[in-house]
Amino acid sequence: MDLSNLSTQLGKFLGMPSELPPVDQWQPKLSGDIDMVIKADGTWLHEGGEIKRSKLVRLFSTILRREENEYFLVTPVEKWRLQVEDQPFTVVLIEAKNHDDKTVIRMITNTGDEFPLDSHHVLKQDQHEAPKVHVRANMYARLNRNAFYTLAGMATEREGQFYVTSNGIEFNIG
C-alpha cells in the first residue's frame with residue numbers, strides 16, 4: 001500500500017490544506033474548558049458524541065497544541081482546554097520502502113499526518129504495550145494494533161529485543 005497516495009485514494013482530506021497553522025505563535029488567554037475528549041483509540045468526542053466527519057477532526061487536529069501535560073484547541077483569539085486519554089494521534093497505517101539503499105518506514109495517522117520514522121519522528125517506549133512516535137510540537141501518536149503488528153513484522157531480534165531500522169536509524173520496539 002502506498003501511503004503517499006492513500007489520502008487521495010480515500011478522498012478523506014481532499015481539498016484540505018496540508019500546511020499547519022502557526023498555533024505556536026498564537027497566545028490568546030484561556031477561554032475555558034470544552035467538552036471534548038480524544039479517546040485512547042483516536043476517536044474524538046464532543047459532548048459525549050463521536051465526531052464522525054473526518055474533515056472536522058482533521059481541522060481540529062491542526063489547531064491542537066500541547067502545553068506541559070495539557071492539550072488545547074487554539075485560534076488567534078481563543079484557547080480551549082480539552083481532554084486526551086492517552087495520545088492525541090493514532091498511527092493507523094505503516095509501510096516500508098527502499099530509498100537510496102535505505103529502508104524508510106512511513107506512517108499515517110488517523111488525522112492525516114504523514115511522516116517518515118526518522119530523527120525528527122522518533123519511536124519511544126513507555127508503560128503501554130505499543131510504542132508511540134513523535135508527530136509534531138511535543139505531541140505523539142500511539143500505534144494502533146494493526147500498525148504495531150505491521151511494524152513488528154519488519155523487526156529483527158537481537159539479544160531478546162526487537163528493532164526496526166528506518167532511514168539508517170535503529171529503533172527498539174520492545
# chains A, B, ... in the order shown; residues from 1 in each chain; ligands from 1
call {"tool": "select_by_dssp", "arguments": {"residues": "chain A", "states": "alpha helix (DSSP H)", "output": "list in words"}}
result
Leu3, Ser4, Asn5, Leu6, Ser7, Thr8, Gln9, Leu10, Ser54, Lys55, Leu56, Val57, Arg58, Leu59, Phe60, Ser61, Thr62, Arg145, Asn146, Ala147, Phe148, Tyr149, Thr150, Leu151, Ala152, Gly153 and Met154 of chain A
call {"tool": "write_last_selection", "arguments": {"atoms": "N, CA and C atoms", "output": "CSV table (one decimal), in the first residue's frame"}}
result
chain,number,residue,atom,x,y,z
A,3,LEU,N,1.4,4.9,1.0
A,3,LEU,CA,0.8,5.8,1.9
A,3,LEU,C,0.7,7.2,1.3
A,4,SER,N,1.6,7.5,0.4
A,4,SER,CA,1.7,8.9,-0.2
A,4,SER,C,0.4,9.2,-1.0
A,5,ASN,N,-0.2,8.1,-1.5
A,5,ASN,CA,-1.4,8.3,-2.3
A,5,ASN,C,-2.7,7.9,-1.5
A,6,LEU,N,-2.6,7.4,-0.3
A,6,LEU,CA,-3.7,6.9,0.5
A,6,LEU,C,-4.8,8.0,0.7
A,7,SER,N,-4.4,9.1,1.2
A,7,SER,CA,-5.4,10.2,1.4
A,7,SER,C,-6.1,10.6,0.2
A,8,THR,N,-5.5,10.7,-0.9
A,8,THR,CA,-6.1,11.0,-2.2
A,8,THR,C,-7.1,9.9,-2.6
A,9,GLN,N,-6.6,8.6,-2.5
A,9,GLN,CA,-7.4,7.5,-2.9
A,9,GLN,C,-8.7,7.4,-2.0
A,10,LEU,N,-8.6,7.7,-0.8
A,10,LEU,CA,-9.7,7.6,0.1
A,10,LEU,C,-10.6,8.9,0.0
A,54,SER,N,-14.6,13.3,9.3
A,54,SER,CA,-13.2,13.2,9.3
A,54,SER,C,-12.5,14.5,9.0
A,55,LYS,N,-13.1,15.3,8.1
A,55,LYS,CA,-12.5,16.7,7.8
A,55,LYS,C,-12.6,17.6,9.0
A,56,LEU,N,-13.6,17.5,9.9
A,56,LEU,CA,-13.7,18.3,11.1
A,56,LEU,C,-12.7,17.8,12.1
A,57,VAL,N,-12.5,16.5,12.2
A,57,VAL,CA,-11.4,16.0,13.1
A,57,VAL,C,-10.1,16.5,12.6
A,58,ARG,N,-9.8,16.4,11.3
A,58,ARG,CA,-8.6,16.9,10.8
A,58,ARG,C,-8.4,18.4,11.1
A,59,LEU,N,-9.4,19.2,10.9
A,59,LEU,CA,-9.4,20.6,11.2
A,59,LEU,C,-9.0,20.9,12.6
A,60,PHE,N,-9.7,20.2,13.6
A,60,PHE,CA,-9.4,20.4,15.0
A,60,PHE,C,-8.0,19.9,15.3
A,61,SER,N,-7.5,18.9,14.7
A,61,SER,CA,-6.1,18.4,14.9
A,61,SER,C,-5.1,19.4,14.5
A,62,THR,N,-5.4,20.2,13.5
A,62,THR,CA,-4.4,21.2,13.1
A,62,THR,C,-4.2,22.4,14.0
A,145,ARG,N,-3.3,-1.3,17.0
A,145,ARG,CA,-2.9,-2.7,16.9
A,145,ARG,C,-2.4,-3.2,15.6
A,146,ASN,N,-3.1,-2.9,14.5
A,146,ASN,CA,-2.6,-3.3,13.2
A,146,ASN,C,-1.3,-2.6,12.8
A,147,ALA,N,-1.1,-1.3,13.1
A,147,ALA,CA,0.1,-0.7,12.8
A,147,ALA,C,1.3,-1.3,13.6
A,148,PHE,N,1.0,-1.6,14.9
A,148,PHE,CA,2.1,-2.2,15.7
A,148,PHE,C,2.5,-3.6,15.1
A,149,TYR,N,1.5,-4.4,14.7
A,149,TYR,CA,1.8,-5.7,14.2
A,149,TYR,C,2.5,-5.6,12.8
A,150,THR,N,2.2,-4.6,12.0
A,150,THR,CA,2.9,-4.3,10.8
A,150,THR,C,4.4,-4.0,11.1
A,151,LEU,N,4.6,-3.1,12.1
A,151,LEU,CA,5.9,-2.7,12.5
A,151,LEU,C,6.7,-3.9,13.0
A,152,ALA,N,6.0,-4.7,13.9
A,152,ALA,CA,6.7,-5.9,14.5
A,152,ALA,C,7.1,-6.9,13.4
A,153,GLY,N,6.3,-7.0,12.3
A,153,GLY,CA,6.7,-7.9,11.2
A,153,GLY,C,7.9,-7.4,10.5
A,154,MET,N,8.3,-6.2,10.6
A,154,MET,CA,9.5,-5.6,10.0
A,154,MET,C,10.8,-5.8,10.9
call {"tool": "select_by_dssp", "arguments": {"residues": "chain A", "states": "strand (DSSP E or B)", "output": "PyMOL selection string"}}
result
chain A and resi 32-38+44-46+49-50+64-67+70-74+79-84+89-99+102-109+114-116+123-124+132-136+139-143+156-158+161-166+169-172
call {"tool": "residues_around", "arguments": {"residues": "Gln161 of chain A", "least_positions_apart": "4", "cutoff": "10 Å", "atoms": "only C-alpha atoms", "output": "JSON, numbers by chain"}}
result
{"A": [155, 156, 157, 172, 173, 174]}
call {"tool": "residues_around", "arguments": {"residues": "Ala137 of chain A", "least_positions_apart": "3", "cutoff": "12 Å", "atoms": "only C-alpha atoms", "output": "list in words"}}
result
Leu20, Pro22, Val23, Asp24, Thr62, Ile63, Leu64, Arg65, Arg66, Glu67, Glu68, Tyr71, Pro88, His120, His121, Val133, His134, Tyr140 and Ala141 of chain A
call {"tool": "write_last_selection", "arguments": {"atoms": "C-alpha atoms", "output": "CSV table (one decimal), in the first residue's frame"}}
result
chain,number,residue,atom,x,y,z
A,20,LEU,CA,-0.4,23.6,9.6
A,22,PRO,CA,1.1,28.7,13.3
A,23,VAL,CA,-0.5,27.7,16.7
A,24,ASP,CA,2.8,28.2,18.5
A,62,THR,CA,-4.4,21.2,13.1
A,63,ILE,CA,-5.1,23.7,15.8
A,64,LEU,CA,-4.2,21.3,18.7
A,65,ARG,CA,-1.4,22.4,21.0
A,66,ARG,CA,0.2,20.7,24.0
A,67,GLU,CA,1.5,22.8,26.9
A,68,GLU,CA,3.1,20.7,29.6
A,71,TYR,CA,-4.0,20.0,25.4
A,88,PRO,CA,-3.8,12.9,20.6
A,120,HIS,CA,12.5,14.1,13.8
A,121,HIS,CA,9.8,11.5,14.3
A,133,VAL,CA,6.0,8.1,17.8
A,134,HIS,CA,6.6,11.9,17.7
A,140,TYR,CA,2.8,11.8,19.9
A,141,ALA,CA,0.8,9.1,18.2
call {"tool": "atom_distance", "arguments": {"atom1": "atom CA of His99 of chain A", "atom2": "atom CA of Gly168 of chain A"}}
result
10.8 Å
call {"tool": "closest_residue", "arguments": {"among": "A:Arg142, A:His128, A:Lys29, A:Arg136", "to": "Val92 of chain A", "atoms": "only C-alpha atoms"}}
result
A:Arg142
call {"tool": "decode", "arguments": {"residues": "segment 136-161 of chain A", "atoms": "N, CA and C atoms", "output": "PDB file, in the first residue's frame"}}
result
ATOM      1  N   ARG A 136       4.458  15.930  16.000  1.00  0.00           N
ATOM      2  CA  ARG A 136       4.831  17.342  15.874  1.00  0.00           C
ATOM      3  C   ARG A 136       4.639  18.044  17.209  1.00  0.00           C
ATOM      4  N   ALA A 137       5.422  19.092  17.412  1.00  0.00           N
ATOM      5  CA  ALA A 137       5.265  20.008  18.539  1.00  0.00           C
ATOM      6  C   ALA A 137       4.976  19.307  19.866  1.00  0.00           C
ATOM      7  N   ASN A 138       5.840  18.388  20.246  1.00  0.00           N
ATOM      8  CA  ASN A 138       5.713  17.679  21.516  1.00  0.00           C
ATOM      9  C   ASN A 138       4.425  16.864  21.636  1.00  0.00           C
ATOM     10  N   MET A 139       3.886  16.419  20.512  1.00  0.00           N
ATOM     11  CA  MET A 139       2.701  15.570  20.510  1.00  0.00           C
ATOM     12  C   MET A 139       3.040  14.256  19.811  1.00  0.00           C
ATOM     13  N   TYR A 140       2.432  13.192  20.312  1.00  0.00           N
ATOM     14  CA  TYR A 140       2.755  11.847  19.872  1.00  0.00           C
ATOM     15  C   TYR A 140       1.532  11.108  19.358  1.00  0.00           C
ATOM     16  N   ALA A 141       1.809  10.034  18.633  1.00  0.00           N
ATOM     17  CA  ALA A 141       0.775   9.117  18.164  1.00  0.00           C
ATOM     18  C   ALA A 141       1.087   7.739  18.718  1.00  0.00           C
ATOM     19  N   ARG A 142       0.070   7.096  19.243  1.00  0.00           N
ATOM     20  CA  ARG A 142       0.199   5.699  19.662  1.00  0.00           C
ATOM     21  C   ARG A 142      -0.065   4.841  18.429  1.00  0.00           C
ATOM     22  N   LEU A 143       0.682   3.775  18.258  1.00  0.00           N
ATOM     23  CA  LEU A 143       0.430   2.853  17.146  1.00  0.00           C
ATOM     24  C   LEU A 143      -0.785   1.995  17.487  1.00  0.00           C
ATOM     25  N   ASN A 144      -1.763   1.948  16.572  1.00  0.00           N
ATOM     26  CA  ASN A 144      -2.897   1.058  16.823  1.00  0.00           C
ATOM     27  C   ASN A 144      -2.418  -0.384  16.635  1.00  0.00           C
ATOM     28  N   ARG A 145      -3.275  -1.321  16.954  1.00  0.00           N
ATOM     29  CA  ARG A 145      -2.889  -2.738  16.943  1.00  0.00           C
ATOM     30  C   ARG A 145      -2.362  -3.177  15.577  1.00  0.00           C
ATOM     31  N   ASN A 146      -3.082  -2.850  14.502  1.00  0.00           N
ATOM     32  CA  ASN A 146      -2.636  -3.268  13.165  1.00  0.00           C
ATOM     33  C   ASN A 146      -1.294  -2.642  12.797  1.00  0.00           C
ATOM     34  N   ALA A 147      -1.127  -1.349  13.117  1.00  0.00           N
ATOM     35  CA  ALA A 147       0.134  -0.675  12.809  1.00  0.00           C
ATOM     36  C   ALA A 147       1.284  -1.310  13.595  1.00  0.00           C
ATOM     37  N   PHE A 148       1.021  -1.615  14.860  1.00  0.00           N
ATOM     38  CA  PHE A 148       2.066  -2.236  15.676  1.00  0.00           C
ATOM     39  C   PHE A 148       2.466  -3.597  15.116  1.00  0.00           C
ATOM     40  N   TYR A 149       1.484  -4.408  14.724  1.00  0.00           N
ATOM     41  CA  TYR A 149       1.803  -5.719  14.161  1.00  0.00           C
ATOM     42  C   TYR A 149       2.541  -5.591  12.831  1.00  0.00           C
ATOM     43  N   THR A 150       2.189  -4.599  12.031  1.00  0.00           N
ATOM     44  CA  THR A 150       2.925  -4.346  10.789  1.00  0.00           C
ATOM     45  C   THR A 150       4.372  -4.013  11.097  1.00  0.00           C
ATOM     46  N   LEU A 151       4.575  -3.124  12.073  1.00  0.00           N
ATOM     47  CA  LEU A 151       5.930  -2.737  12.461  1.00  0.00           C
ATOM     48  C   LEU A 151       6.689  -3.934  13.038  1.00  0.00           C
ATOM     49  N   ALA A 152       6.018  -4.722  13.867  1.00  0.00           N
ATOM     50  CA  ALA A 152       6.662  -5.906  14.460  1.00  0.00           C
ATOM     51  C   ALA A 152       7.091  -6.893  13.379  1.00  0.00           C
ATOM     52  N   GLY A 153       6.322  -6.981  12.296  1.00  0.00           N
ATOM     53  CA  GLY A 153       6.680  -7.857  11.192  1.00  0.00           C
ATOM     54  C   GLY A 153       7.937  -7.415  10.463  1.00  0.00           C
ATOM     55  N   MET A 154       8.320  -6.160  10.618  1.00  0.00           N
ATOM     56  CA  MET A 154       9.529  -5.623   9.999  1.00  0.00           C
ATOM     57  C   MET A 154      10.752  -5.752  10.912  1.00  0.00           C
ATOM     58  N   ALA A 155      10.528  -6.146  12.163  1.00  0.00           N
ATOM     59  CA  ALA A 155      11.583  -6.124  13.176  1.00  0.00           C
ATOM     60  C   ALA A 155      12.530  -7.312  13.066  1.00  0.00           C
ATOM     61  N   THR A 156      13.725  -7.082  13.573  1.00  0.00           N
ATOM     62  CA  THR A 156      14.702  -8.150  13.735  1.00  0.00           C
ATOM     63  C   THR A 156      15.000  -8.268  15.227  1.00  0.00           C
ATOM     64  N   GLU A 157      15.300  -9.506  15.661  1.00  0.00           N
ATOM     65  CA  GLU A 157      15.559  -9.758  17.077  1.00  0.00           C
ATOM     66  C   GLU A 157      17.055  -9.800  17.341  1.00  0.00           C
ATOM     67  N   ARG A 158      17.431  -9.205  18.473  1.00  0.00           N
ATOM     68  CA  ARG A 158      18.824  -9.244  18.903  1.00  0.00           C
ATOM     69  C   ARG A 158      18.835  -9.211  20.435  1.00  0.00           C
ATOM     70  N   GLU A 159      19.377 -10.234  21.035  1.00  0.00           N
ATOM     71  CA  GLU A 159      19.514 -10.331  22.497  1.00  0.00           C
ATOM     72  C   GLU A 159      18.182 -10.115  23.220  1.00  0.00           C
ATOM     73  N   GLY A 160      17.120 -10.696  22.675  1.00  0.00           N
ATOM     74  CA  GLY A 160      15.816 -10.627  23.318  1.00  0.00           C
ATOM     75  C   GLY A 160      15.047  -9.340  23.089  1.00  0.00           C
ATOM     76  N   GLN A 161      15.581  -8.433  22.295  1.00  0.00           N
ATOM     77  CA  GLN A 161      14.905  -7.173  21.972  1.00  0.00           C
ATOM     78  C   GLN A 161      14.628  -7.139  20.469  1.00  0.00           C
TER      79      GLN A 161
END
